$ cat final_36.pdb   # PDB, C-alpha atoms
ATOM      1  CA  MET D 150       0.000   0.000   0.000
ATOM      2  CA  ASN D 151       1.625   3.219  -1.188
ATOM      3  CA  ASP D 152       1.194   6.667   0.322
ATOM      4  CA  ARG D 153      -1.753   7.590  -1.896
ATOM      5  CA  GLU D 154      -3.654   4.385  -1.075
ATOM      6  CA  ARG D 155      -3.021   4.879   2.630
ATOM      7  CA  PHE D 156      -4.319   8.434   2.456
ATOM      8  CA  GLU D 157      -7.509   7.317   0.687
ATOM      9  CA  PHE D 158      -7.963   4.482   3.187
ATOM     10  CA  TYR D 159      -7.806   6.791   6.210
ATOM     11  CA  GLU D 160     -10.065   9.256   4.464
ATOM     12  CA  LYS D 161     -12.704   6.556   3.944
ATOM     13  CA  LEU D 162     -12.431   5.514   7.583
ATOM     14  CA  TYR D 163     -12.937   9.107   8.704
ATOM     15  CA  PHE D 164     -16.114   9.625   6.688
ATOM     16  CA  HIS D 165     -17.354   6.118   7.515
ATOM     17  CA  GLU D 166     -17.361   6.902  11.239
ATOM     18  CA  LEU D 167     -19.222  10.171  10.628
ATOM     19  CA  GLU D 168     -21.837   8.294   8.591
ATOM     20  CA  ALA D 169     -22.155   5.755  11.414
ATOM     21  CA  ARG D 170     -22.860   8.696  13.745
ATOM     22  CA  GLU D 171     -25.768   9.846  11.575
ATOM     23  CA  GLN D 172     -27.092   6.294  11.317
ATOM     24  CA  MET D 173     -27.018   5.972  15.095
ATOM     25  CA  HIS D 174     -29.077   9.148  15.444
ATOM     26  CA  THR D 175     -31.701   7.638  13.144
ATOM     27  CA  ARG D 176     -31.711   4.230  14.825
ATOM     28  CA  VAL D 177     -32.173   5.663  18.307
ATOM     29  CA  GLN D 178     -35.516   7.203  17.309
ATOM     30  CA  ILE D 179     -37.125   3.733  17.096
ATOM     31  CA  PRO D 180     -36.587   2.667  20.740
ATOM     32  CA  ILE D 181     -37.485   6.154  21.950
ATOM     33  CA  THR D 182     -40.869   5.828  20.236
ATOM     34  CA  LEU D 183     -41.426   2.310  21.593
ATOM     35  CA  ILE D 184     -40.428   3.313  25.124
ATOM     36  CA  THR D 185     -42.853   6.242  25.008
ATOM     37  CA  ALA D 186     -45.673   4.002  23.774
ATOM     38  CA  THR D 187     -44.955   1.376  26.447
ATOM     39  CA  ILE D 188     -44.968   3.991  29.200
ATOM     40  CA  GLY D 189     -48.286   5.276  27.867
ATOM     41  CA  ALA D 190     -49.806   1.779  27.963
ATOM     42  CA  LEU D 191     -48.612   1.195  31.530
ATOM     43  CA  GLY D 192     -49.905   4.593  32.601
ATOM     44  CA  PHE D 193     -53.308   3.902  31.067
ATOM     45  CA  MET D 194     -53.726   0.579  32.848
ATOM     46  CA  GLY D 195     -52.407   1.914  36.131
ATOM     47  CA  GLN D 196     -54.808   4.839  36.048
ATOM     48  CA  ASN D 197     -57.932   2.898  35.103
ATOM     49  CA  ILE D 198     -57.557  -0.261  37.163
ATOM     50  CA  ASP D 199     -60.206  -0.900  39.799
ATOM     51  CA  ARG D 200     -58.236  -0.815  43.041
ATOM     52  CA  ASP D 201     -61.087  -2.269  45.072
ATOM     53  CA  LEU D 202     -60.761  -5.675  43.398
ATOM     54  CA  SER D 203     -58.707  -8.459  44.916
ATOM     55  CA  SER D 204     -58.158 -11.671  42.993
ATOM     56  CA  LEU D 205     -55.477 -13.700  41.272
ATOM     57  CA  TRP D 206     -55.923 -11.572  38.158
ATOM     58  CA  VAL D 207     -55.144  -8.422  40.113
ATOM     59  CA  THR D 208     -52.107  -9.925  41.814
ATOM     60  CA  SER D 209     -50.708 -11.237  38.543
ATOM     61  CA  PHE D 210     -51.336  -7.889  36.883
ATOM     62  CA  TYR D 211     -49.464  -5.950  39.554
ATOM     63  CA  ILE D 212     -46.506  -8.333  39.400
ATOM     64  CA  LEU D 213     -46.256  -7.977  35.626
ATOM     65  CA  PHE D 214     -46.832  -4.239  35.873
ATOM     66  CA  PHE D 215     -43.855  -3.681  38.188
ATOM     67  CA  ILE D 216     -41.653  -6.062  36.201
ATOM     68  CA  ALA D 217     -42.468  -4.136  33.020
ATOM     69  CA  ALA D 218     -41.737  -0.868  34.817
ATOM     70  CA  ILE D 219     -38.289  -2.126  35.866
ATOM     71  CA  PHE D 220     -37.529  -3.308  32.330
ATOM     72  CA  ILE D 221     -38.654  -0.031  30.777
ATOM     73  CA  ILE D 222     -36.539   2.006  33.213
ATOM     74  CA  THR D 223     -33.508  -0.122  32.388
ATOM     75  CA  SER D 224     -34.134   0.198  28.677
ATOM     76  CA  GLY D 225     -34.612   3.945  29.006
ATOM     77  CA  TYR D 226     -31.294   4.250  30.818
ATOM     78  CA  PHE D 227     -29.392   2.480  28.051
ATOM     79  CA  CYS D 228     -31.311   4.437  25.427
ATOM     80  CA  GLY D 229     -30.245   7.702  27.008
ATOM     81  CA  ARG D 230     -26.633   6.559  27.139
ATOM     82  CA  SER D 231     -26.721   5.622  23.468
ATOM     83  CA  ALA D 232     -28.340   8.867  22.321
ATOM     84  CA  TRP D 233     -26.711  11.768  24.183
ATOM     85  CA  GLY D 234     -23.515  12.899  25.847
ATOM     86  CA  TYR D 235     -20.859  12.337  23.160
ATOM     87  CA  PHE D 236     -18.442  14.678  21.397
ATOM     88  CA  TYR D 237     -17.200  13.679  17.961
ATOM     89  CA  SER D 238     -13.935  14.853  16.423
ATOM     90  CA  LYS D 239     -13.786  16.546  13.040
ATOM     91  CA  THR D 240     -11.059  18.124  10.989
ATOM     92  CA  ALA D 241     -10.513  21.867  11.097
ATOM     93  CA  LEU D 242     -12.475  24.338   8.998
ATOM     94  CA  ALA D 243     -11.405  25.276   5.464
ATOM     95  CA  LYS D 244     -10.249  28.718   6.616
ATOM     96  CA  THR D 245      -7.951  27.096   9.169
ATOM     97  CA  TRP D 246      -6.390  24.869   6.529
ATOM     98  CA  ASP D 247      -5.910  27.843   4.247
ATOM     99  CA  ASP D 248      -4.050  29.676   7.003
ATOM    100  CA  TYR D 249      -1.979  26.546   7.611
ATOM    101  CA  HIS D 250      -1.076  26.473   3.917
ATOM    102  CA  ARG D 251       0.170  30.061   4.130
ATOM    103  CA  GLU D 252       2.280  29.184   7.165
ATOM    104  CA  CYS D 253       3.850  26.284   5.270
ATOM    105  CA  VAL D 254       4.649  28.554   2.361
ATOM    106  CA  VAL D 255       6.348  31.012   4.684
ATOM    107  CA  THR D 256       8.203  28.196   6.458
ATOM    108  CA  TYR D 257       9.761  26.803   3.277
ATOM    109  CA  GLU D 258      10.614  30.107   1.618
ATOM    110  CA  GLY D 259      14.310  29.550   2.293
ATOM    111  CA  GLU D 260      14.344  26.190   0.499
ATOM    112  CA  PRO D 261      15.195  25.803  -3.192
ATOM    113  CA  VAL D 262      12.403  26.975  -5.476
ATOM    114  CA  ALA D 263      12.117  23.584  -7.133
ATOM    115  CA  ASP D 264      11.452  21.896  -3.763
ATOM    116  CA  GLN D 265       9.166  24.472  -2.138
ATOM    117  CA  GLU D 266       5.934  23.243  -3.752
ATOM    118  CA  ASN D 267       6.634  19.588  -2.949
ATOM    119  CA  LEU D 268       7.499  20.407   0.642
ATOM    120  CA  VAL D 269       4.308  22.420   1.153
ATOM    121  CA  HIS D 270       2.191  19.717  -0.503
ATOM    122  CA  SER D 271       3.788  16.956   1.586
ATOM    123  CA  ALA D 272       3.350  18.909   4.841
ATOM    124  CA  ILE D 273      -0.335  19.566   4.222
ATOM    125  CA  LYS D 274      -1.025  16.009   3.083
ATOM    126  CA  ASN D 275       0.669  14.494   6.128
ATOM    127  CA  SER D 276      -1.197  16.848   8.468
ATOM    128  CA  VAL D 277      -4.545  15.998   6.909
ATOM    129  CA  GLN D 278      -3.750  12.293   7.119
ATOM    130  CA  GLU D 279      -2.842  12.602  10.804
ATOM    131  CA  ARG D 280      -6.136  14.356  11.505
ATOM    132  CA  TYR D 281      -8.026  11.652   9.611
ATOM    133  CA  ILE D 282      -6.373   8.968  11.734
ATOM    134  CA  GLU D 283      -6.937  10.838  14.992
ATOM    135  CA  CYS D 284     -10.592  11.700  14.322
ATOM    136  CA  ALA D 285     -11.448   8.266  12.905
ATOM    137  CA  THR D 286      -9.964   6.564  15.980
ATOM    138  CA  THR D 287     -11.867   8.770  18.439
ATOM    139  CA  ASN D 288     -15.156   8.517  16.543
ATOM    140  CA  SER D 289     -14.786   4.762  16.168
ATOM    141  CA  GLU D 290     -14.486   4.343  19.943
ATOM    142  CA  ILE D 291     -17.572   6.509  20.477
ATOM    143  CA  ASN D 292     -19.634   4.623  17.902
ATOM    144  CA  GLU D 293     -18.601   1.302  19.422
ATOM    145  CA  LYS D 294     -19.707   2.458  22.864
ATOM    146  CA  ARG D 295     -23.012   3.786  21.533
ATOM    147  CA  SER D 296     -23.652   0.533  19.689
ATOM    148  CA  TYR D 297     -23.144  -1.367  22.949
ATOM    149  CA  TYR D 298     -25.700   0.788  24.763
ATOM    150  CA  TYR D 299     -28.089   0.593  21.818
ATOM    151  CA  SER D 300     -28.012  -3.214  21.793
ATOM    152  CA  ASN D 301     -28.800  -3.236  25.512
ATOM    153  CA  THR D 302     -31.652  -0.806  24.886
ATOM    154  CA  ILE D 303     -33.250  -3.200  22.396
ATOM    155  CA  TYR D 304     -32.572  -6.180  24.655
ATOM    156  CA  TRP D 305     -34.366  -4.759  27.720
ATOM    157  CA  LEU D 306     -37.062  -3.125  25.615
ATOM    158  CA  PHE D 307     -37.995  -6.537  24.245
ATOM    159  CA  PHE D 308     -38.669  -7.813  27.774
ATOM    160  CA  ALA D 309     -40.484  -4.594  28.701
ATOM    161  CA  VAL D 310     -42.868  -4.900  25.764
ATOM    162  CA  GLY D 311     -43.425  -8.593  26.550
ATOM    163  CA  ALA D 312     -44.217  -7.920  30.218
ATOM    164  CA  THR D 313     -46.513  -5.035  29.265
ATOM    165  CA  SER D 314     -48.375  -7.244  26.789
ATOM    166  CA  LEU D 315     -48.891  -9.935  29.423
ATOM    167  CA  ALA D 316     -50.061  -7.328  31.918
ATOM    168  CA  PHE D 317     -52.601  -6.086  29.389
ATOM    169  CA  ILE D 318     -53.853  -9.629  28.844
ATOM    170  CA  PHE D 319     -54.513 -10.025  32.578
ATOM    171  CA  TYR D 320     -55.995  -6.518  32.645
ATOM    172  CA  PHE D 321     -58.402  -7.367  29.812
ATOM    173  CA  LEU D 322     -59.331 -10.952  30.695
ATOM    174  CA  GLY D 323     -59.708 -10.163  34.384
ATOM    175  CA  SER D 324     -62.014  -7.197  33.650
ATOM    176  CA  LEU D 325     -59.917  -4.964  35.869
ATOM    177  CA  ASP D 326     -61.063  -1.725  34.271
ATOM    178  CA  LYS D 327     -62.953   0.355  36.794
ATOM    179  CA  SER D 328     -65.448   1.470  34.158
ATOM    180  CA  LEU D 329     -66.746  -2.118  33.917
ATOM    181  CA  HIS D 330     -67.779  -2.169  37.576
ATOM    182  CA  SER D 331     -70.565   0.346  38.056
ATOM    183  CA  LYS D 332     -71.382   1.280  41.630
ATOM    184  CA  PRO D 333     -74.723   2.565  42.942
ATOM    185  CA  SER D 334     -74.763   6.273  43.435
ATOM    186  CA  GLU D 335     -75.525   7.576  46.888
ATOM    187  CA  ILE D 336     -78.386  10.083  46.961
ATOM    188  CA  LYS D 337     -78.818  12.387  49.916
ATOM    189  CA  ILE D 338     -81.957  14.422  50.602
ATOM    190  CA  LEU D 339     -80.915  17.792  51.903
ATOM    191  CA  SER D 340     -84.386  19.339  52.402
ATOM    192  CA  SER D 341     -87.913  17.983  52.364
ATOM    193  CA  ILE D 342     -90.472  19.287  49.929
ATOM    194  CA  PRO D 343     -94.116  19.387  51.085
ATOM    195  CA  LEU D 344     -96.256  17.312  48.781
ATOM    196  CA  LYS D 345     -99.681  18.039  50.288
ATOM    197  CA  GLY D 346    -101.430  20.990  51.821
ATOM    198  CA  GLU D 347    -101.863  24.497  50.748
ATOM    199  CA  THR D 348     -99.112  26.273  49.021
ATOM    200  CA  MET D 349     -97.634  29.166  50.834
ATOM    201  CA  ASN D 350     -98.634  32.544  49.569
ATOM    202  CA  GLN D 351     -95.589  34.448  48.537
ATOM    203  CA  PRO D 352     -95.729  38.215  48.681
ATOM    204  CA  SER D 353     -96.000  39.821  45.297
ATOM    205  CA  VAL D 354     -92.873  41.478  44.144
ATOM    206  CA  THR D 355     -93.391  44.974  42.794
ATOM    207  CA  SER D 356     -90.766  46.956  41.005
ATOM    208  CA  PRO D 357     -89.731  50.273  42.558
ATOM    209  CA  PRO D 358     -90.943  53.524  40.949
ATOM    210  CA  PRO D 359     -88.740  55.061  38.283
ATOM    211  CA  ALA D 360     -86.231  57.666  39.290
ATOM    212  CA  PRO D 361     -87.047  61.354  38.654
ATOM    213  CA  PRO D 362     -85.652  62.922  35.484
ATOM    214  CA  ALA D 363     -82.148  64.186  35.662
ATOM    215  CA  PRO D 364     -81.446  67.926  35.701
ATOM    216  CA  PRO D 365     -81.161  69.557  32.271
ATOM    217  CA  VAL D 366     -77.850  70.299  30.698
ATOM    218  CA  ARG D 367     -76.474  73.751  31.398
ATOM    219  CA  VAL D 368     -75.298  75.597  28.314
ATOM    220  CA  VAL D 369     -72.553  78.140  28.914
ATOM    221  CA  ARG D 370     -71.484  80.547  26.203
ATOM    222  CA  ASP D 371     -67.786  80.678  25.642
ATOM    223  CA  ALA D 372     -67.283  84.487  25.427
ATOM    224  CA  PRO D 373     -64.225  86.567  26.245
ATOM    225  CA  ILE D 374     -64.173  88.150  29.637
ATOM    226  CA  THR D 375     -64.638  91.970  29.478
ATOM    227  CA  HIS D 376     -64.207  94.387  32.308
ATOM    228  CA  LYS D 377     -67.195  96.686  32.590
ATOM    229  CA  GLN D 378     -67.563  99.689  34.811
ATOM    230  CA  PRO D 379     -70.018  99.102  37.575
ATOM    231  CA  PRO D 380     -73.269 101.047  37.189
ATOM    232  CA  PRO D 381     -73.557 104.300  39.118
ATOM    233  CA  PRO D 382     -75.426 104.166  42.371
ATOM    234  CA  PRO D 383     -79.067 105.242  42.250
ATOM    235  CA  PRO D 384     -79.749 108.913  42.974
ATOM    236  CA  GLN D 385     -80.650 109.753  46.488
ATOM    237  CA  HIS D 386     -84.041 111.392  47.046
ATOM    238  CA  GLY D 387     -84.195 114.219  49.485
ATOM    239  CA  HIS D 388     -86.679 114.169  52.280
TER
END
$ encode --input "final_36.pdb" --output "structure tokens"
Amino acid sequence: MNDRERFEFYEKLYFHELEAREQMHTRVQIPITLITATIGALGFMGQNIDRDLSSLWVTSFYILFFIAAIFIITSGYFCGRSAWGYFYSKTALAKTWDDYHRECVVTYEGEPVADQENLVHSAIKNSVQERYIECATTNSEINEKRSYYYSNTIYWLFFAVGATSLAFIFYFLGSLDKSLHSKPSEIKILSSIPLKGETMNQPSVTSPPPAPPAPPVRVVRDAPITHKQPPPPPPQHGH
């Protein structure tokens, strides 16, 4: 395997691990949906069961109910570990590699002109290959760990769904739904109503007289204020 084949091999490994990351994101959605549906089924039966009943059906249902709850909690734990909490490694941005190329050019300026281009090309290629190896190794370890947790998620989810299905069978065949057991309603008489005798005469209700009309509106002329001399006093009449 020459240098070019090795470079292409590490490049394929790098992108393969990133594709495995996207596939894992898609695969995790299936158990999340099933776990949510199983929790909903358990919640429905637990909410609607008639707690006043006591029989072998009820006992078997409760045993299967708690077993399913333990399985679903275990499966949810592994599902969470397989879905979140990981940091993948990627190569640097294009702008960073462009700056690195400029640094290489500056570094090899003192070399012969015929060798400068080959030295820059070799430095960049080796750096990219090292990053491919480093990122592919890190991402491969993460994907392996997530695959382990995912397989455990499916394993415990299988038992959780099975226990929930059996619990529903006992719930259905044992008629444990509280809506199937109607109970007589208790009626209390708060006050007696006379059925015979004369009816009591109620005083007639008359409406009060209407209120008197409101005072009329006062119209005030908006005229400028003028200062007038007061009128002279009336003449005095002699006696």
$ residues_around --input "final_36.pdb" --residues "Thr313 of chain D" --least-positions-apart "6" --cutoff "12 Å" --atoms "only C-alpha atoms" --output "number ranges by chain"
D: 183-184, 186-195, 209-221, 306-307, 319-320
$ resolve_selection --input "final_36.pdb" --expression "the PyMOL selection byres ((chain D and resi 239-252) around 9)" --output "PyMOL selection string"
chain D and resi 163+167+237-238+253-257+269-270+272-273+277+280-281+284-285+288
$ resolve_selection --input "final_36.pdb" --expression "the PyMOL selection byres ((chain D and resi 169) around 12)" --output "PyMOL selection string"
chain D and resi 162-168+170-176+237+285+288-293+295-296
$ write_last_selection --input "final_36.pdb" --atoms "C-alpha atoms" --output "PDB file, in the frame of the given file"
ATOM      1  CA  LEU D 162     -12.431   5.514   7.583  1.00  0.00           C
ATOM      2  CA  TYR D 163     -12.937   9.107   8.704  1.00  0.00           C
ATOM      3  CA  PHE D 164     -16.114   9.625   6.688  1.00  0.00           C
ATOM      4  CA  HIS D 165     -17.354   6.118   7.515  1.00  0.00           C
ATOM      5  CA  GLU D 166     -17.361   6.902  11.239  1.00  0.00           C
ATOM      6  CA  LEU D 167     -19.222  10.171  10.628  1.00  0.00           C
ATOM      7  CA  GLU D 168     -21.837   8.294   8.591  1.00  0.00           C
ATOM      8  CA  ARG D 170     -22.860   8.696  13.745  1.00  0.00           C
ATOM      9  CA  GLU D 171     -25.768   9.846  11.575  1.00  0.00           C
ATOM     10  CA  GLN D 172     -27.092   6.294  11.317  1.00  0.00           C
ATOM     11  CA  MET D 173     -27.018   5.972  15.095  1.00  0.00           C
ATOM     12  CA  HIS D 174     -29.077   9.148  15.444  1.00  0.00           C
ATOM     13  CA  THR D 175     -31.701   7.638  13.144  1.00  0.00           C
ATOM     14  CA  ARG D 176     -31.711   4.230  14.825  1.00  0.00           C
ATOM     15  CA  TYR D 237     -17.200  13.679  17.961  1.00  0.00           C
ATOM     16  CA  ALA D 285     -11.448   8.266  12.905  1.00  0.00           C
ATOM     17  CA  ASN D 288     -15.156   8.517  16.543  1.00  0.00           C
ATOM     18  CA  SER D 289     -14.786   4.762  16.168  1.00  0.00           C
ATOM     19  CA  GLU D 290     -14.486   4.343  19.943  1.00  0.00           C
ATOM     20  CA  ILE D 291     -17.572   6.509  20.477  1.00  0.00           C
ATOM     21  CA  ASN D 292     -19.634   4.623  17.902  1.00  0.00           C
ATOM     22  CA  GLU D 293     -18.601   1.302  19.422  1.00  0.00           C
ATOM     23  CA  ARG D 295     -23.012   3.786  21.533  1.00  0.00           C
ATOM     24  CA  SER D 296     -23.652   0.533  19.689  1.00  0.00           C
TER      25      SER D 296
END
$ closest_atom_pairs --input "final_36.pdb" --of "segment 201-279 of chain D" --to "segment 150-161 of chain D" --cutoff "10 Å" --atoms "all atoms listed in the file" --output "tab-separated table"
residue	atom	partner	partner_atom	distance
D:Lys274	CA	D:Phe156	CA	8.3
D:Asn275	CA	D:Phe156	CA	8.7
D:Val277	CA	D:Phe156	CA	8.8
D:Gln278	CA	D:Phe156	CA	6.1
D:Glu279	CA	D:Tyr159	CA	8.9
$ write_last_selection --input "final_36.pdb" --atoms "C-alpha atoms" --output "compact mmCIF listing (two decimals), in the coordinates of the input"
# COMPACT_ATOMS: atom_id res chain seq x y z
CA LYS D 274 -1.02 16.01 3.08
CA ASN D 275 0.67 14.49 6.13
CA VAL D 277 -4.54 16.00 6.91
CA GLN D 278 -3.75 12.29 7.12
CA GLU D 279 -2.84 12.60 10.80
$ atom_distance --input "final_36.pdb" --atom1 "atom CA of Tyr226 of chain D" --atom2 "atom CA of Thr302 of chain D"
7.8 Å
$ closest_residue --input "final_36.pdb" --among "D:Ser231, D:Ser314, D:Ser276, D:Thr286" --to "Asn301 of chain D" --atoms "all atoms listed in the file"
D:Ser231
$ closest_residue --input "final_36.pdb" --among "D:Tyr304, D:Tyr235, D:Tyr297, D:Trp206" --to "Pro180 of chain D" --atoms "all atoms listed in the file"
D:Tyr304
$ atom_distance --input "final_36.pdb" --atom1 "atom CA of Leu205 of chain D" --atom2 "atom CA of Thr185 of chain D"
28.7 Å
$ atom_distance --input "final_36.pdb" --atom1 "atom CA of Lys294 of chain D" --atom2 "atom CA of Arg230 of chain D"
9.1 Å
$ resolve_selection --input "final_36.pdb" --expression "the PyMOL selection byres ((chain D and resi 199-204) around 7)" --output "PyMOL selection string"
chain D and resi 197-198+205-208+325-327
$ write_last_selection --input "final_36.pdb" --atoms "C-alpha atoms" --output "PDB file, keeping the file's coordinate frame"
ATOM      1  CA  ASN D 197     -57.932   2.898  35.103  1.00  0.00           C
ATOM      2  CA  ILE D 198     -57.557  -0.261  37.163  1.00  0.00           C
ATOM      3  CA  LEU D 205     -55.477 -13.700  41.272  1.00  0.00           C
ATOM      4  CA  TRP D 206     -55.923 -11.572  38.158  1.00  0.00           C
ATOM      5  CA  VAL D 207     -55.144  -8.422  40.113  1.00  0.00           C
ATOM      6  CA  THR D 208     -52.107  -9.925  41.814  1.00  0.00           C
ATOM      7  CA  LEU D 325     -59.917  -4.964  35.869  1.00  0.00           C
ATOM      8  CA  ASP D 326     -61.063  -1.725  34.271  1.00  0.00           C
ATOM      9  CA  LYS D 327     -62.953   0.355  36.794  1.00  0.00           C
TER      10      LYS D 327
END
$ closest_residue --input "final_36.pdb" --among "D:Leu315, D:Gly323, D:Tyr299, D:Asp264" --to "Gly225 of chain D" --atoms "only C-alpha atoms"
D:Tyr299
$ decode --input "final_36.pdb" --residues "segment 192-200 of chain D" --atoms "all heavy atoms" --output "compact mmCIF listing (two decimals), in the first residue's frame"
# COMPACT_ATOMS: atom_id res chain seq x y z
N GLY D 192 -49.20 3.52 31.91
CA GLY D 192 -49.90 4.59 32.60
C GLY D 192 -51.41 4.49 32.46
O GLY D 192 -52.16 4.76 33.41
N PHE D 193 -51.87 4.06 31.28
CA PHE D 193 -53.31 3.90 31.07
C PHE D 193 -53.88 2.82 31.96
O PHE D 193 -54.91 3.02 32.62
CB PHE D 193 -53.58 3.57 29.59
CG PHE D 193 -55.00 3.19 29.31
CD1 PHE D 193 -55.98 4.17 29.16
CD2 PHE D 193 -55.37 1.85 29.20
CE1 PHE D 193 -57.29 3.82 28.90
CE2 PHE D 193 -56.67 1.50 28.94
CZ PHE D 193 -57.65 2.49 28.79
N MET D 194 -53.22 1.67 32.01
CA MET D 194 -53.73 0.58 32.85
C MET D 194 -53.62 0.92 34.33
O MET D 194 -54.53 0.60 35.11
CB MET D 194 -52.95 -0.70 32.53
CG MET D 194 -53.23 -1.26 31.15
SD MET D 194 -52.43 -2.86 30.85
CE MET D 194 -50.69 -2.37 30.81
N GLY D 195 -52.54 1.56 34.73
CA GLY D 195 -52.41 1.91 36.13
C GLY D 195 -53.42 2.96 36.59
O GLY D 195 -53.81 2.97 37.76
N GLN D 196 -53.85 3.80 35.68
CA GLN D 196 -54.81 4.84 36.05
C GLN D 196 -56.24 4.32 36.08
O GLN D 196 -57.07 4.82 36.86
CB GLN D 196 -54.69 6.01 35.07
CG GLN D 196 -55.59 7.19 35.40
CD GLN D 196 -55.42 8.32 34.41
OE1 GLN D 196 -54.70 8.19 33.42
NE2 GLN D 196 -56.08 9.44 34.66
N ASN D 197 -56.55 3.35 35.24
CA ASN D 197 -57.93 2.90 35.10
C ASN D 197 -58.22 1.57 35.79
O ASN D 197 -59.34 1.06 35.66
CB ASN D 197 -58.29 2.78 33.61
CG ASN D 197 -58.32 4.12 32.91
OD1 ASN D 197 -59.30 4.85 32.98
ND2 ASN D 197 -57.24 4.46 32.23
N ILE D 198 -57.29 1.00 36.49
CA ILE D 198 -57.56 -0.26 37.16
C ILE D 198 -58.45 -0.02 38.39
O ILE D 198 -58.35 1.01 39.05
CB ILE D 198 -56.24 -0.95 37.59
CG1 ILE D 198 -56.53 -2.35 38.10
CG2 ILE D 198 -55.50 -0.12 38.60
CD1 ILE D 198 -55.28 -3.15 38.38
N ASP D 199 -59.32 -0.98 38.63
CA ASP D 199 -60.21 -0.90 39.80
C ASP D 199 -59.43 -1.39 41.02
O ASP D 199 -59.15 -2.58 41.17
CB ASP D 199 -61.45 -1.76 39.56
CG ASP D 199 -62.53 -1.51 40.61
OD1 ASP D 199 -62.22 -0.84 41.62
OD2 ASP D 199 -63.68 -1.96 40.42
N ARG D 200 -59.07 -0.48 41.90
CA ARG D 200 -58.24 -0.81 43.04
C ARG D 200 -58.99 -1.50 44.17
O ARG D 200 -58.40 -1.91 45.16
CB ARG D 200 -57.54 0.45 43.56
CG ARG D 200 -56.54 1.03 42.57
CD ARG D 200 -55.96 2.33 43.04
NE ARG D 200 -54.92 2.80 42.14
CZ ARG D 200 -55.15 3.43 40.99
NH1 ARG D 200 -56.40 3.66 40.60
NH2 ARG D 200 -54.15 3.82 40.24
